[in-house]
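Colleague: Got a file for you: structure_31.txt, compact mmCIF, C-alpha atoms.
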# COMPACT_ATOMS: atom_id res chain seq x y z
CA MET A 1 -15.32 16.77 13.13
CA ARG A 2 -17.68 16.35 10.18
CA LYS A 3 -14.73 15.47 7.95
CA HIS A 4 -13.47 12.79 10.33
CA TRP A 5 -16.70 10.96 11.22
CA TRP A 6 -15.63 7.95 9.18
CA LYS A 7 -12.47 7.60 11.27
CA ALA A 8 -14.50 7.46 14.47
CA LEU A 9 -16.76 4.91 12.74
CA THR A 10 -13.69 2.85 11.82
CA VAL A 11 -12.52 2.74 15.44
CA LEU A 12 -15.97 1.77 16.72
CA ILE A 13 -16.42 -0.96 14.12
CA LEU A 14 -13.02 -2.52 14.73
CA LEU A 15 -13.48 -2.41 18.51
CA TYR A 16 -16.76 -4.26 18.03
CA VAL A 17 -15.19 -6.77 15.62
CA PHE A 18 -12.28 -7.60 17.95
CA TRP A 19 -14.48 -7.81 21.03
CA ALA A 20 -17.35 -9.77 19.51
CA GLY A 21 -15.02 -11.87 17.38
CA LEU A 22 -13.21 -13.17 20.44
CA ILE A 23 -16.12 -13.32 22.91
CA ASN A 24 -19.34 -14.11 21.04
CA PRO A 25 -20.38 -17.76 20.58
CA VAL A 26 -19.65 -19.24 17.14
CA PRO A 27 -20.91 -22.31 15.26
CA ARG A 28 -19.19 -25.55 16.30
CA LEU A 29 -18.06 -26.86 12.94
CA PRO A 30 -16.05 -30.07 12.47
CA LEU A 31 -12.29 -29.53 12.12
CA LEU A 32 -12.52 -25.75 12.57
CA HIS A 33 -13.77 -25.51 16.18
CA GLU A 34 -12.53 -22.23 17.74
CA ALA A 35 -10.30 -21.53 14.74
CA ILE A 36 -13.45 -20.35 12.95
CA ARG A 37 -12.98 -17.03 14.79
CA ASN A 38 -10.26 -16.24 12.26
CA THR A 39 -13.15 -15.74 9.82
CA PHE A 40 -13.61 -12.28 11.34
CA PHE A 41 -10.05 -11.22 10.49
CA HIS A 42 -8.54 -13.21 7.62
CA PRO A 43 -11.23 -12.77 4.88
CA PRO A 44 -11.88 -9.08 5.71
CA LEU A 45 -8.16 -8.35 5.38
CA TRP A 46 -8.17 -9.93 1.93
CA ILE A 47 -11.30 -8.09 0.85
CA ALA A 48 -9.83 -4.79 2.05
CA MET A 49 -6.61 -5.58 0.17
CA VAL A 50 -8.49 -6.22 -3.09
CA ILE A 51 -10.49 -2.98 -2.72
CA LEU A 52 -7.30 -1.00 -2.07
CA LEU A 53 -5.60 -2.55 -5.10
CA PHE A 54 -8.63 -1.72 -7.23
CA ALA A 55 -8.50 1.88 -6.01
CA SER A 56 -4.76 1.95 -6.73
CA ALA A 57 -5.37 0.80 -10.31
CA CYS A 58 -8.12 3.44 -10.69
CA PHE A 59 -5.73 6.21 -9.64
CA ALA A 60 -3.11 4.77 -12.00
CA ILE A 61 -5.63 5.10 -14.87
CA ARG A 62 -6.45 8.60 -13.68
CA TYR A 63 -2.75 9.53 -13.76
CA LEU A 64 -2.38 8.23 -17.30
CA ARG A 65 -5.39 10.32 -18.35
CA LYS A 66 -4.57 13.60 -16.55
CA GLY A 67 -0.86 13.35 -15.76
CA ARG A 68 -1.18 14.73 -12.22
CA PRO A 69 1.68 13.64 -9.91
CA ASP A 70 -0.69 13.55 -6.94
CA ASP A 71 -2.67 10.74 -8.57
CA ASP A 72 0.52 8.71 -8.89
CA LEU A 73 1.32 9.39 -5.23
CA ILE A 74 -2.11 8.18 -4.08
CA SER A 75 -1.89 5.14 -6.36
CA VAL A 76 1.44 3.95 -4.98
CA GLU A 77 0.41 4.55 -1.36
CA LEU A 78 -2.80 2.57 -1.87
CA ALA A 79 -0.66 -0.27 -3.21
CA ASN A 80 1.65 0.04 -0.19
CA THR A 81 -1.24 -0.27 2.25
CA ALA A 82 -2.72 -3.14 0.24
CA LEU A 83 0.58 -5.00 0.44
CA LEU A 84 0.60 -4.50 4.23
CA PHE A 85 -2.89 -5.98 4.42
CA GLY A 86 -1.73 -8.81 2.18
CA VAL A 87 1.08 -9.66 4.57
CA LEU A 88 -1.36 -9.61 7.51
CA GLY A 89 -3.71 -11.79 5.49
CA CYS A 90 -0.90 -14.28 4.85
CA LEU A 91 -0.01 -14.40 8.56
CA THR A 92 -3.59 -14.94 9.72
CA GLY A 93 -4.14 -17.45 6.92
CA SER A 94 -1.02 -19.40 7.80
CA ALA A 95 -2.03 -19.62 11.46
CA TRP A 96 -5.51 -20.74 10.43
CA ALA A 97 -4.14 -23.33 7.98
CA TYR A 98 -1.77 -24.76 10.60
CA PHE A 99 -4.53 -25.47 13.12
CA THR A 100 -7.06 -26.57 10.48
CA TRP A 101 -5.09 -28.34 7.75
CA GLY A 102 -1.85 -29.09 9.60
CA ALA A 103 0.46 -26.93 7.45
CA LEU A 104 1.47 -23.28 7.55
CA TRP A 105 1.32 -23.05 3.76
CA PRO A 106 -0.62 -25.93 2.18
CA ASN A 107 -0.32 -26.73 -1.51
CA ASP A 108 -3.55 -25.00 -2.46
CA PRO A 109 -4.41 -23.04 -5.65
CA LYS A 110 -5.62 -20.02 -3.71
CA THR A 111 -2.59 -19.74 -1.42
CA ASN A 112 -0.24 -20.30 -4.36
CA GLY A 113 -2.12 -17.71 -6.41
CA VAL A 114 -1.82 -15.21 -3.57
CA SER A 115 1.94 -15.78 -3.32
CA VAL A 116 2.35 -15.18 -7.07
CA GLY A 117 0.18 -12.06 -6.87
CA MET A 118 2.19 -10.67 -3.96
CA LEU A 119 5.40 -11.22 -5.92
CA ILE A 120 3.89 -9.35 -8.87
CA TYR A 121 3.22 -6.34 -6.67
CA LEU A 122 6.63 -6.56 -5.03
CA ALA A 123 8.06 -6.32 -8.54
CA TYR A 124 5.94 -3.16 -8.95
CA PHE A 125 7.85 -1.47 -6.12
CA VAL A 126 11.17 -2.78 -7.41
CA LEU A 127 10.31 -1.27 -10.81
CA ARG A 128 9.58 2.12 -9.25
CA GLY A 129 12.80 2.02 -7.27
CA SER A 130 14.89 1.23 -10.34
CA MET A 131 14.02 4.47 -12.20
CA ASN A 132 15.19 7.99 -11.42
CA ASP A 133 13.14 10.09 -13.82
CA ALA A 134 9.90 10.97 -11.99
CA MET A 135 7.67 11.15 -15.07
CA SER A 136 8.92 7.89 -16.57
CA LYS A 137 8.63 6.17 -13.19
CA ALA A 138 5.04 7.31 -12.74
CA ARG A 139 3.96 6.47 -16.30
CA ILE A 140 5.56 3.03 -16.54
CA SER A 141 4.58 1.98 -13.03
CA ALA A 142 0.97 3.09 -13.65
CA ILE A 143 0.80 0.83 -16.69
CA TYR A 144 2.34 -2.02 -14.70
CA ASN A 145 -0.12 -1.40 -11.84
CA ILE A 146 -3.10 -1.85 -14.16
CA PHE A 147 -1.54 -5.01 -15.60
CA ALA A 148 -0.79 -6.38 -12.11
CA PHE A 149 -4.38 -5.92 -10.92
CA SER A 150 -5.81 -7.54 -14.05
CA VAL A 151 -3.62 -10.61 -13.36
CA PHE A 152 -4.06 -10.64 -9.58
CA ILE A 153 -7.87 -11.03 -9.62
CA PRO A 154 -7.90 -14.22 -11.75
CA LEU A 155 -5.11 -15.68 -9.60
CA ILE A 156 -6.98 -15.36 -6.29
CA ILE A 157 -10.66 -15.46 -7.32
CA ILE A 158 -11.25 -17.15 -10.68
CA LEU A 159 -8.62 -19.92 -10.94
CA PRO A 160 -9.23 -21.43 -7.45
CA ARG A 161 -12.90 -21.91 -8.40
CA LEU A 162 -11.94 -23.95 -11.45
CA THR A 163 -9.96 -26.61 -9.57
CA ASP A 164 -9.83 -28.44 -6.24
CA SER A 165 -9.21 -26.11 -3.32
CA LEU A 166 -9.24 -26.38 0.47
CA HIS A 167 -10.79 -22.95 0.88
CA PRO A 168 -14.56 -22.70 1.51
CA GLY A 169 -16.54 -21.63 -1.52
CA ASN A 170 -13.85 -22.79 -3.96
CA GLY A 171 -13.38 -25.98 -5.92
CA GLY A 172 -16.87 -27.21 -5.05
CA ASN A 173 -16.44 -26.70 -1.29
CA PRO A 174 -19.44 -25.14 0.49
CA GLY A 175 -19.08 -21.63 1.89
CA PHE A 176 -19.53 -20.66 5.52
CA ASN A 177 -23.04 -19.32 4.87
CA GLN A 178 -24.31 -22.89 4.52
CA TYR A 179 -23.44 -23.57 8.15
CA ASP A 180 -24.26 -20.12 9.52
CA ALA A 181 -27.96 -20.65 10.10
CA ASP A 182 -28.08 -18.32 13.13
CA SER A 183 -26.18 -15.48 11.43
CA SER A 184 -23.62 -15.44 14.25
CA ILE A 185 -20.84 -15.00 11.71
CA LYS A 186 -22.57 -12.51 9.43
CA MET A 187 -23.30 -10.05 12.24
CA ILE A 188 -19.54 -9.72 12.83
CA ILE A 189 -17.90 -10.40 9.48
CA ARG A 190 -19.92 -7.84 7.54
CA PRO A 191 -18.91 -4.94 9.81
CA ALA A 192 -15.35 -6.33 9.66
CA PHE A 193 -15.34 -5.93 5.88
CA VAL A 194 -16.27 -2.27 6.28
CA GLY A 195 -13.97 -1.61 9.23
CA PHE A 196 -10.80 -3.05 7.73
CA THR A 197 -11.46 -1.35 4.39
CA LEU A 198 -11.92 2.03 6.06
CA LEU A 199 -8.77 1.39 8.10
CA GLY A 200 -6.87 0.79 4.87
CA PHE A 201 -7.99 4.12 3.42
CA TRP A 202 -7.17 5.86 6.72
CA ILE A 203 -3.62 4.48 6.69
CA THR A 204 -3.27 5.49 3.04
CA GLN A 205 -4.45 9.02 3.80
CA LEU A 206 -1.83 9.39 6.53
CA ARG A 207 0.92 8.08 4.25
CA VAL A 208 -0.09 10.45 1.45
CA ARG A 209 -0.03 13.42 3.82
CA ILE A 210 3.46 12.43 5.02
CA ARG A 211 4.70 12.10 1.44
CA ARG A 212 3.25 15.51 0.55
CA LEU A 213 5.00 17.10 3.53
CA GLU A 214 8.28 15.43 2.56
CA ALA A 215 7.94 16.76 -1.00
CA HIS A 216 7.14 20.25 0.33
CA PHE A 217 10.20 20.35 2.58
CA ASP A 218 12.39 18.98 -0.22
CA GLU A 219 11.22 21.82 -2.47
CA GLN A 220 12.03 24.34 0.26
CA ASP A 221 15.51 22.87 0.73
CA ASP A 222 16.13 23.03 -3.02
CA ALA A 223 14.94 26.64 -3.09
CA ASP A 224 17.33 27.57 -0.26
CA VAL A 225 20.24 25.90 -2.02
CA ASN A 226 19.46 27.69 -5.29
CA ASN A 227 19.06 31.05 -3.53
CA PRO A 228 22.04 31.51 -1.17
CA VAL A 229 21.18 35.18 -0.50
CA LYS A 230 17.81 34.15 0.93
CA GLU A 231 19.56 31.56 3.07
CA VAL A 232 21.98 34.18 4.45
CA TYR A 233 19.13 36.50 5.44
CA ALA A 234 17.22 33.60 6.98
CA THR A 235 20.28 32.68 9.07
CA LYS A 236 20.77 36.32 10.04
CA ASP A 237 17.16 36.57 11.24
CA LEU A 238 17.59 33.48 13.37
CA THR A 239 20.66 34.98 15.08
Could you express the structure from this file as structure tokens?
Modeller:
Amino acid sequence: MRKHWWKALTVLILLYVFWAGLINPVPRLPLLHEAIRNTFFHPPLWIAMVILLFASACFAIRYLRKGRPDDDLISVELANTALLFGVLGCLTGSAWAYFTWGALWPNDPKTNGVSVGMLIYLAYFVLRGSMNDAMSKARISAIYNIFAFSVFIPLIIILPRLTDSLHPGNGGNPGFNQYDADSSIKMIIRPAFVGFTLLGFWITQLRVRIRRLEAHFDEQDDADVNNPVKEVYATKDLT
């Protein structure tokens, strides 16, 4: 149980975020109204995605330094989970934009930067799928992963702040903290950042364990094929 305390914490935090995010009173801001409740889901998903991508790039660097296949496995699964969170972030953001700005995908630097960044990471998975040699796949994709993260951050964080943007805190727009005098948003959104990030690492851990089991069974199947005598005795024992 001591090893899994953070999983119980994740469940408790997310239960609180979903309950309080939908029930608790929120500031009545012009244009946003009840749509402001998406603050508890959309930004935390993006923050969790960025943290997972950063961790994926770190494991890619670690693979290039030490050459351990397990580091490559963890790196790609972190990127997989991050992409899932990115899709969820796009869906919640589109719903929010529709009710706030009147368009599912407005012509905004941040939304456009996110779409380009997502395409860059989709190309990462296409690159991995196009190569058969395991070592070359891991090495080249690790280099690409580091490059993708170094491009993704300016696209979604730096460039939107240098031009006009609809998003709060970008392009001269005030952030939500200016309106949140009673901390009704902070008391929910801060745990949401932690909860969704921990959920991302939990999903990644499960995916890594599945991939390790698949690799283990594949090795056993290859060993049985290469050793037919062992396979005959194993079949005989079963009968």
Colleague: Choose the residue, out of A:Pro25, A:Gly86, A:Pro191, A:Pro154, that has the smallest atom-to-atom separation from Leu53 in chain A; count only C-alpha atoms.
Modeller: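 Looking only at the distances to Leu53 in chain A, the closest residue turns out to be A:Gly86.
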Colleague: Could you list, as a list of chain:residue names, every residue within 8 Å of Ile185 in chain A, counting only C-alpha atoms and ignoring same-chain residues fewer than 3 positions away?
Modeller: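 In the requested form, the answer reads A:Val26, A:Thr39, A:Phe40, A:Asp180, A:Ile188, A:Ile189.
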Colleague: A:Lys66, A:Lys137, A:Arg209, A:His33: which is nearest Phe125 in chain A, counting only C-alpha atoms?
Modeller: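 Comparing A:Lys66, A:Lys137, A:Arg209, A:His33 against Phe125 in chain A, the winner is A:Lys137.
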Colleague: Quick check, in Å to one decimal: how far apart do CA of Phe85 in chain A and CA of Glu214 in chain A lie?
Modeller: 24.2 Å
Colleague: Determine the nearest neighbour of Pro69 in chain A from the options A:Ala215, A:Val50, A:Ala35, A:Val87, counting only C-alpha atoms.
Modeller: A:Ala215
Colleague: What does the structure give for the distance between CA of Val114 in chain A and CA of Arg28 in chain A, in Å to one decimal?
Modeller: 28.3 Å
Colleague: In terms of the shortest atom-to-atom distance over all atoms listed in the file, which of A:Leu73, A:Ala20, A:Leu162, A:Leu52 is closest to Trp202 in chain A?
Modeller: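 Distance minimum relative to Trp202 in chain A lands on A:Leu52.
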Colleague: Quick one, how far is CA of Ala95 in chain A from CA of Leu198 in chain A?
Modeller: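 Interatomic distance here is 24.4 Å.
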Colleague: Identify which of the residues A:Arg211, A:Arg161, A:Lys3, A:His216 lies closest to Asp72 in chain A, counting only C-alpha atoms when measuring atom-to-atom distances.
Modeller: A:Arg211
Colleague: When distances are computed from only C-alpha atoms, which of A:Ile157, A:Ala55, A:Leu22, A:Leu213 shows the smallest separation from Gly117 in chain A?
Modeller: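 Nearest candidate to Gly117 in chain A out of A:Ile157, A:Ala55, A:Leu22, A:Leu213: A:Ile157.
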Colleague: Could you pull the residues within 12 Å of Ala82 in chain A, counting all atoms listed in the file, minus those fewer than 4 positions along the same chain, as an NGL selection string?
Modeller: :A and (45-57 or 75-78 or 86-89 or 117-118 or 121-122 or 149 or 196-197 or 199-204)
Colleague: Include C-alpha atoms and write out the residues we just selected as a compact mmCIF listing (two decimals), in the frame of the given file.
Modeller:
# COMPACT_ATOMS: atom_id res chain seq x y z
CA LEU A 45 -8.16 -8.35 5.38
CA TRP A 46 -8.17 -9.93 1.93
CA ILE A 47 -11.30 -8.09 0.85
CA ALA A 48 -9.83 -4.79 2.05
CA MET A 49 -6.61 -5.58 0.17
CA VAL A 50 -8.49 -6.22 -3.09
CA ILE A 51 -10.49 -2.98 -2.72
CA LEU A 52 -7.30 -1.00 -2.07
CA LEU A 53 -5.60 -2.55 -5.10
CA PHE A 54 -8.63 -1.72 -7.23
CA ALA A 55 -8.50 1.88 -6.01
CA SER A 56 -4.76 1.95 -6.73
CA ALA A 57 -5.37 0.80 -10.31
CA SER A 75 -1.89 5.14 -6.36
CA VAL A 76 1.44 3.95 -4.98
CA GLU A 77 0.41 4.55 -1.36
CA LEU A 78 -2.80 2.57 -1.87
CA GLY A 86 -1.73 -8.81 2.18
CA VAL A 87 1.08 -9.66 4.57
CA LEU A 88 -1.36 -9.61 7.51
CA GLY A 89 -3.71 -11.79 5.49
CA GLY A 117 0.18 -12.06 -6.87
CA MET A 118 2.19 -10.67 -3.96
CA TYR A 121 3.22 -6.34 -6.67
CA LEU A 122 6.63 -6.56 -5.03
CA PHE A 149 -4.38 -5.92 -10.92
CA PHE A 196 -10.80 -3.05 7.73
CA THR A 197 -11.46 -1.35 4.39
CA LEU A 199 -8.77 1.39 8.10
CA GLY A 200 -6.87 0.79 4.87
CA PHE A 201 -7.99 4.12 3.42
CA TRP A 202 -7.17 5.86 6.72
CA ILE A 203 -3.62 4.48 6.69
CA THR A 204 -3.27 5.49 3.04
